[in-house]
$ cat my_file.cif   # mmCIF, C-alpha atoms
data_data
#
loop_
_atom_site.group_PDB
_atom_site.id
_atom_site.type_symbol
_atom_site.label_atom_id
_atom_site.label_comp_id
_atom_site.auth_asym_id
_atom_site.auth_seq_id
_atom_site.Cartn_x
_atom_site.Cartn_y
_atom_site.Cartn_z
ATOM 1 C CA MET F 1 -20.642 20.646 65.507
ATOM 2 C CA LYS F 2 -21.692 23.264 62.917
ATOM 3 C CA ILE F 3 -18.080 24.405 62.566
ATOM 4 C CA LYS F 4 -16.838 20.852 62.034
ATOM 5 C CA LEU F 5 -19.498 20.275 59.349
ATOM 6 C CA TRP F 6 -18.621 23.571 57.701
ATOM 7 C CA VAL F 7 -14.869 22.719 57.699
ATOM 8 C CA ASN F 8 -15.575 19.285 56.179
ATOM 9 C CA LEU F 9 -17.733 20.808 53.440
ATOM 10 C CA CYS F 10 -15.014 23.362 52.655
ATOM 11 C CA LEU F 11 -12.377 20.612 52.568
ATOM 12 C CA ILE F 12 -14.524 18.464 50.229
ATOM 13 C CA SER F 13 -15.177 21.457 47.961
ATOM 14 C CA PHE F 14 -11.441 22.222 47.859
ATOM 15 C CA VAL F 15 -10.525 18.638 46.934
ATOM 16 C CA LEU F 16 -13.234 18.463 44.265
ATOM 17 C CA GLY F 17 -11.987 21.773 42.858
ATOM 18 C CA LEU F 18 -8.441 20.371 42.579
ATOM 19 C CA ILE F 19 -9.718 17.250 40.835
ATOM 20 C CA SER F 20 -11.784 19.238 38.339
ATOM 21 C CA CYS F 21 -8.778 21.463 37.496
ATOM 22 C CA ASN F 22 -6.805 18.387 36.541
ATOM 23 C CA ASN F 23 -9.650 17.086 34.379
ATOM 24 C CA GLU F 24 -9.843 19.938 31.898
ATOM 25 C CA LYS F 25 -11.890 19.240 28.818
ATOM 26 C CA SER F 26 -9.770 17.766 26.097
ATOM 27 C CA PRO F 27 -10.007 19.438 22.707
ATOM 28 C CA ALA F 28 -12.499 18.067 20.202
ATOM 29 C CA PRO F 29 -11.019 15.162 18.292
ATOM 30 C CA GLU F 30 -9.686 16.005 14.862
ATOM 31 C CA VAL F 31 -11.709 14.543 12.057
ATOM 32 C CA ASN F 32 -9.601 12.152 10.089
ATOM 33 C CA ASN F 33 -10.600 11.641 6.464
ATOM 34 C CA THR F 34 -10.572 7.906 7.122
ATOM 35 C CA ASP F 35 -13.400 8.475 9.660
ATOM 36 C CA LEU F 36 -15.667 10.154 7.119
ATOM 37 C CA ILE F 37 -18.394 8.400 5.189
ATOM 38 C CA GLU F 38 -17.520 8.554 1.505
ATOM 39 C CA ILE F 39 -20.046 7.860 -1.214
ATOM 40 C CA GLU F 40 -18.634 7.115 -4.646
ATOM 41 C CA PHE F 41 -20.183 8.397 -7.867
ATOM 42 C CA LEU F 42 -22.353 5.820 -9.646
ATOM 43 C CA LYS F 43 -22.990 6.568 -13.315
ATOM 44 C CA GLU F 44 -26.666 5.984 -14.082
ATOM 45 C CA GLY F 45 -27.048 8.031 -17.235
ATOM 46 C CA GLU F 46 -25.709 10.649 -19.616
ATOM 47 C CA LEU F 47 -26.880 14.246 -19.937
ATOM 48 C CA SER F 48 -26.334 16.968 -22.531
ATOM 49 C CA LEU F 49 -26.535 20.693 -21.817
ATOM 50 C CA ILE F 50 -27.892 22.421 -24.917
ATOM 51 C CA ASN F 51 -27.973 26.102 -25.953
ATOM 52 C CA ASN F 52 -30.018 26.777 -29.098
ATOM 53 C CA SER F 53 -29.472 23.272 -30.552
ATOM 54 C CA ASP F 54 -25.723 23.331 -29.717
ATOM 55 C CA VAL F 55 -24.432 20.844 -27.124
ATOM 56 C CA ILE F 56 -22.284 22.895 -24.734
ATOM 57 C CA LYS F 57 -21.354 20.070 -22.334
ATOM 58 C CA GLU F 58 -21.898 16.334 -21.935
ATOM 59 C CA LEU F 59 -21.997 14.832 -18.454
ATOM 60 C CA ASP F 60 -22.196 11.476 -16.727
ATOM 61 C CA ILE F 61 -25.036 11.637 -14.218
ATOM 62 C CA GLU F 62 -26.196 9.967 -11.076
ATOM 63 C CA ILE F 63 -29.998 10.117 -10.843
ATOM 64 C CA ALA F 64 -32.014 10.879 -7.699
ATOM 65 C CA LYS F 65 -35.644 9.836 -8.266
ATOM 66 C CA SER F 66 -36.885 8.588 -4.915
ATOM 67 C CA GLU F 67 -37.536 10.808 -1.917
ATOM 68 C CA ASN F 68 -34.627 9.185 -0.064
ATOM 69 C CA GLU F 69 -32.196 9.616 -2.977
ATOM 70 C CA ARG F 70 -33.210 13.269 -3.331
ATOM 71 C CA ALA F 71 -32.780 13.855 0.421
ATOM 72 C CA ILE F 72 -29.212 12.502 0.350
ATOM 73 C CA GLY F 73 -28.162 14.070 -2.954
ATOM 74 C CA LEU F 74 -24.417 14.731 -3.068
ATOM 75 C CA MET F 75 -23.915 14.530 0.693
ATOM 76 C CA ASN F 76 -20.773 12.784 1.902
ATOM 77 C CA ARG F 77 -18.828 13.282 -1.331
ATOM 78 C CA SER F 78 -15.319 14.688 -1.284
ATOM 79 C CA LYS F 79 -15.153 15.207 -5.028
ATOM 80 C CA LEU F 80 -17.174 15.409 -8.193
ATOM 81 C CA GLU F 81 -15.264 15.135 -11.453
ATOM 82 C CA GLU F 82 -15.816 17.916 -14.006
ATOM 83 C CA ASN F 83 -17.851 15.655 -16.283
ATOM 84 C CA GLN F 84 -20.053 14.352 -13.443
ATOM 85 C CA ALA F 85 -23.343 15.687 -12.068
ATOM 86 C CA MET F 86 -26.437 14.650 -10.151
ATOM 87 C CA LEU F 87 -29.885 14.986 -11.694
ATOM 88 C CA PHE F 88 -32.877 15.194 -9.343
ATOM 89 C CA ILE F 89 -36.190 14.193 -10.909
ATOM 90 C CA PHE F 90 -39.517 15.168 -9.331
ATOM 91 C CA GLU F 91 -42.901 13.714 -10.364
ATOM 92 C CA GLN F 92 -44.593 17.116 -9.983
ATOM 93 C CA ASP F 93 -43.543 20.753 -9.969
ATOM 94 C CA ASN F 94 -41.712 21.598 -6.777
ATOM 95 C CA SER F 95 -40.809 24.787 -4.957
ATOM 96 C CA SER F 96 -38.849 23.605 -1.918
ATOM 97 C CA GLY F 97 -35.308 24.857 -1.453
ATOM 98 C CA PHE F 98 -32.021 22.989 -1.479
ATOM 99 C CA TYR F 99 -29.378 23.209 1.251
ATOM 100 C CA MET F 100 -25.814 21.916 1.555
ATOM 101 C CA LYS F 101 -26.012 19.778 4.712
ATOM 102 C CA ASP F 102 -23.103 17.319 4.789
ATOM 103 C CA THR F 103 -22.106 18.422 1.273
ATOM 104 C CA ARG F 104 -18.328 18.895 1.239
ATOM 105 C CA ILE F 105 -17.866 20.439 -2.208
ATOM 106 C CA PRO F 106 -19.097 23.761 -3.606
ATOM 107 C CA LEU F 107 -21.925 23.336 -6.102
ATOM 108 C CA ASP F 108 -23.946 25.200 -8.684
ATOM 109 C CA ILE F 109 -27.575 24.123 -8.267
ATOM 110 C CA ILE F 110 -29.532 24.478 -11.503
ATOM 111 C CA PHE F 111 -33.340 24.469 -11.372
ATOM 112 C CA LEU F 112 -35.227 23.427 -14.532
ATOM 113 C CA GLY F 113 -38.896 23.501 -15.528
ATOM 114 C CA ALA F 114 -41.017 20.641 -16.821
ATOM 115 C CA ASP F 115 -39.813 21.478 -20.353
ATOM 116 C CA SER F 116 -36.166 20.921 -19.209
ATOM 117 C CA THR F 117 -35.256 24.621 -19.585
ATOM 118 C CA VAL F 118 -33.134 26.331 -16.910
ATOM 119 C CA ILE F 119 -35.309 28.505 -14.650
ATOM 120 C CA SER F 120 -32.627 29.707 -12.234
ATOM 121 C CA ILE F 121 -29.151 28.914 -10.950
ATOM 122 C CA SER F 122 -27.936 29.057 -7.367
ATOM 123 C CA LYS F 123 -24.208 29.581 -7.960
ATOM 124 C CA ASN F 124 -21.209 28.570 -5.884
ATOM 125 C CA ARG F 125 -23.115 27.204 -2.923
ATOM 126 C CA ARG F 126 -20.800 26.847 0.052
ATOM 127 C CA PRO F 127 -20.144 23.416 1.567
ATOM 128 C CA PHE F 128 -22.188 22.644 4.716
ATOM 129 C CA ASP F 129 -24.394 25.755 4.273
ATOM 130 C CA LEU F 130 -27.767 25.102 5.911
ATOM 131 C CA ASN F 131 -29.506 28.042 4.224
ATOM 132 C CA SER F 132 -32.137 26.765 1.842
ATOM 133 C CA GLU F 133 -32.281 28.271 -1.648
ATOM 134 C CA GLY F 134 -34.874 27.508 -4.255
ATOM 135 C CA ALA F 135 -35.850 28.553 -7.745
ATOM 136 C CA SER F 136 -37.572 31.711 -8.878
ATOM 137 C CA SER F 137 -40.580 29.579 -9.924
ATOM 138 C CA PRO F 138 -41.679 25.933 -9.548
ATOM 139 C CA TYR F 139 -39.232 23.408 -11.007
ATOM 140 C CA ARG F 140 -39.397 19.761 -12.105
ATOM 141 C CA PHE F 141 -35.667 18.915 -12.314
ATOM 142 C CA VAL F 142 -32.517 20.002 -10.498
ATOM 143 C CA LEU F 143 -28.967 19.514 -11.770
ATOM 144 C CA GLU F 144 -26.036 19.789 -9.363
ATOM 145 C CA ILE F 145 -22.585 20.433 -10.818
ATOM 146 C CA ASN F 146 -19.273 21.644 -9.442
ATOM 147 C CA GLY F 147 -19.375 25.239 -8.222
ATOM 148 C CA GLY F 148 -18.550 27.834 -10.887
ATOM 149 C CA LYS F 149 -19.068 25.525 -13.858
ATOM 150 C CA SER F 150 -22.419 27.030 -14.888
ATOM 151 C CA ASP F 151 -20.596 30.250 -15.808
ATOM 152 C CA ASP F 152 -17.625 28.388 -17.341
ATOM 153 C CA TRP F 153 -19.911 26.335 -19.598
ATOM 154 C CA GLY F 154 -22.266 29.165 -20.552
ATOM 155 C CA ILE F 155 -25.410 27.830 -18.890
ATOM 156 C CA GLU F 156 -28.132 30.477 -19.222
ATOM 157 C CA GLU F 157 -31.515 30.937 -17.594
ATOM 158 C CA GLY F 158 -34.303 30.658 -20.150
ATOM 159 C CA VAL F 159 -31.915 29.366 -22.852
ATOM 160 C CA THR F 160 -30.105 26.208 -21.710
ATOM 161 C CA LYS F 161 -32.009 22.916 -21.845
ATOM 162 C CA ILE F 162 -31.055 19.406 -20.803
ATOM 163 C CA HIS F 163 -31.529 16.060 -22.497
ATOM 164 C CA TRP F 164 -30.602 12.809 -20.730
ATOM 165 C CA THR F 165 -30.763 9.061 -21.076
ATOM 166 C CA GLU F 166 -30.550 6.440 -18.348
ATOM 167 C CA THR F 167 -27.924 3.717 -18.691
ATOM 168 C CA ARG F 168 -28.784 1.478 -15.732
#
$ encode --input "my_file.cif" --output "structure tokens"
Amino acid sequence: MKIKLWVNLCLISFVLGLISCNNEKSPAPEVNNTDLIEIEFLKEGELSLINNSDVIKELDIEIAKSENERAIGLMNRSKLEENQAMLFIFEQDNSSGFYMKDTRIPLDIIFLGADSTVISISKNRRPFDLNSEGASSPYRFVLEINGGKSDDWGIEEGVTKIHWTETR
């Protein structure tokens, strides 16, 4: 009786092994761009970058004022035109870091004080990077632009200021 039970268990194990070999895991599905969420840029204002009274660049901006808008930021965007940016506005000085979760494009993240002067710049942040980076001191505003543009436009810590107006 024990031998018969043992033979049956071996036979069942063998058959299950054959079935599992034929059911190999299929590769992860490829992500099709049509499956991705895509958020379009919505112009809500205009912003000037200023060095010593000289306007160095004018941008169309989307504004993130609420906690939810700031949490989403530029996530789920496949592009940001050169003259576009996102301005984050905080009611009080802040020191939390920014990360690139679900952000598909490289960004320069510019931290500004309450007087709208650049405090520090986190340059060429990699898409999808979950490492949080903040400013060297508390900030009141954050401007996100395409990666590498802060150098191209001559944005300088302690020199460059911003001025913006809302259009919505």
$ closest_residue --input "my_file.cif" --among "F:Gly97, F:Gly147, F:Gly154, F:Gly113" --to "F:Lys57" --atoms "all atoms listed in the file"
F:Gly154
$ axis_aligned_box --input "my_file.cif" --around "stretch 45-59 of chain F" --padding-each-side "3 Å" --output "lines of an AutoDock Vina configuration file"
center_x = -25.7
center_y = 17.4
center_z = -23.9
size_x = 14.7
size_y = 24.7
size_z = 19.3
$ resolve_selection --input "my_file.cif" --expression "the PyMOL selection byres ((chain F and resi 62) around 6)" --output "list in words"
Leu42, Lys43, Glu44, Ile61, Ile63 and Met86 of chain F
$ atom_distance --input "my_file.cif" --atom1 "atom CA of F:Lys161" --atom2 "atom CA of F:Asn131"
26.7 Å
$ residues_around --input "my_file.cif" --residues "stretch 78-80 of chain F" --least-positions-apart "4" --cutoff "12 Å" --atoms "only C-alpha atoms" --output "count of residues only"
31
$ atom_distance --input "my_file.cif" --atom1 "atom CA of F:Lys101" --atom2 "atom CA of F:Phe128"
4.8 Å
$ residues_near_point --input "my_file.cif" --point "(-26.3, 26.3, -10.1)" --cutoff "12 Å" --atoms "only C-alpha atoms" --output "PyMOL selection string"
chain F and resi 85-87+98+106-112+118-126+133-135+142-157
$ closest_residue --input "my_file.cif" --among "F:Met100, F:Val159, F:Ile72, F:Leu130" --to "F:Asp115" --atoms "all atoms listed in the file"
F:Val159
$ atom_distance --input "my_file.cif" --atom1 "atom CA of F:Asn51" --atom2 "atom CA of F:Tyr139"
18.9 Å
$ resolve_selection --input "my_file.cif" --expression "the PyMOL selection byres ((chain F and resi 64) around 7)" --output "VMD selection string"
chain F and resid 62 to 63 65 to 66 69 to 70 73 87 to 89
$ closest_residue --input "my_file.cif" --among "F:Thr167, F:Ser116, F:Thr160, F:Ser53" --to "F:Phe90" --atoms "all atoms listed in the file"
F:Ser116
$ closest_residue --input "my_file.cif" --among "F:Glu82, F:Gly158, F:Arg168, F:His163" --to "F:Asp54" --atoms "all atoms listed in the file"
F:His163
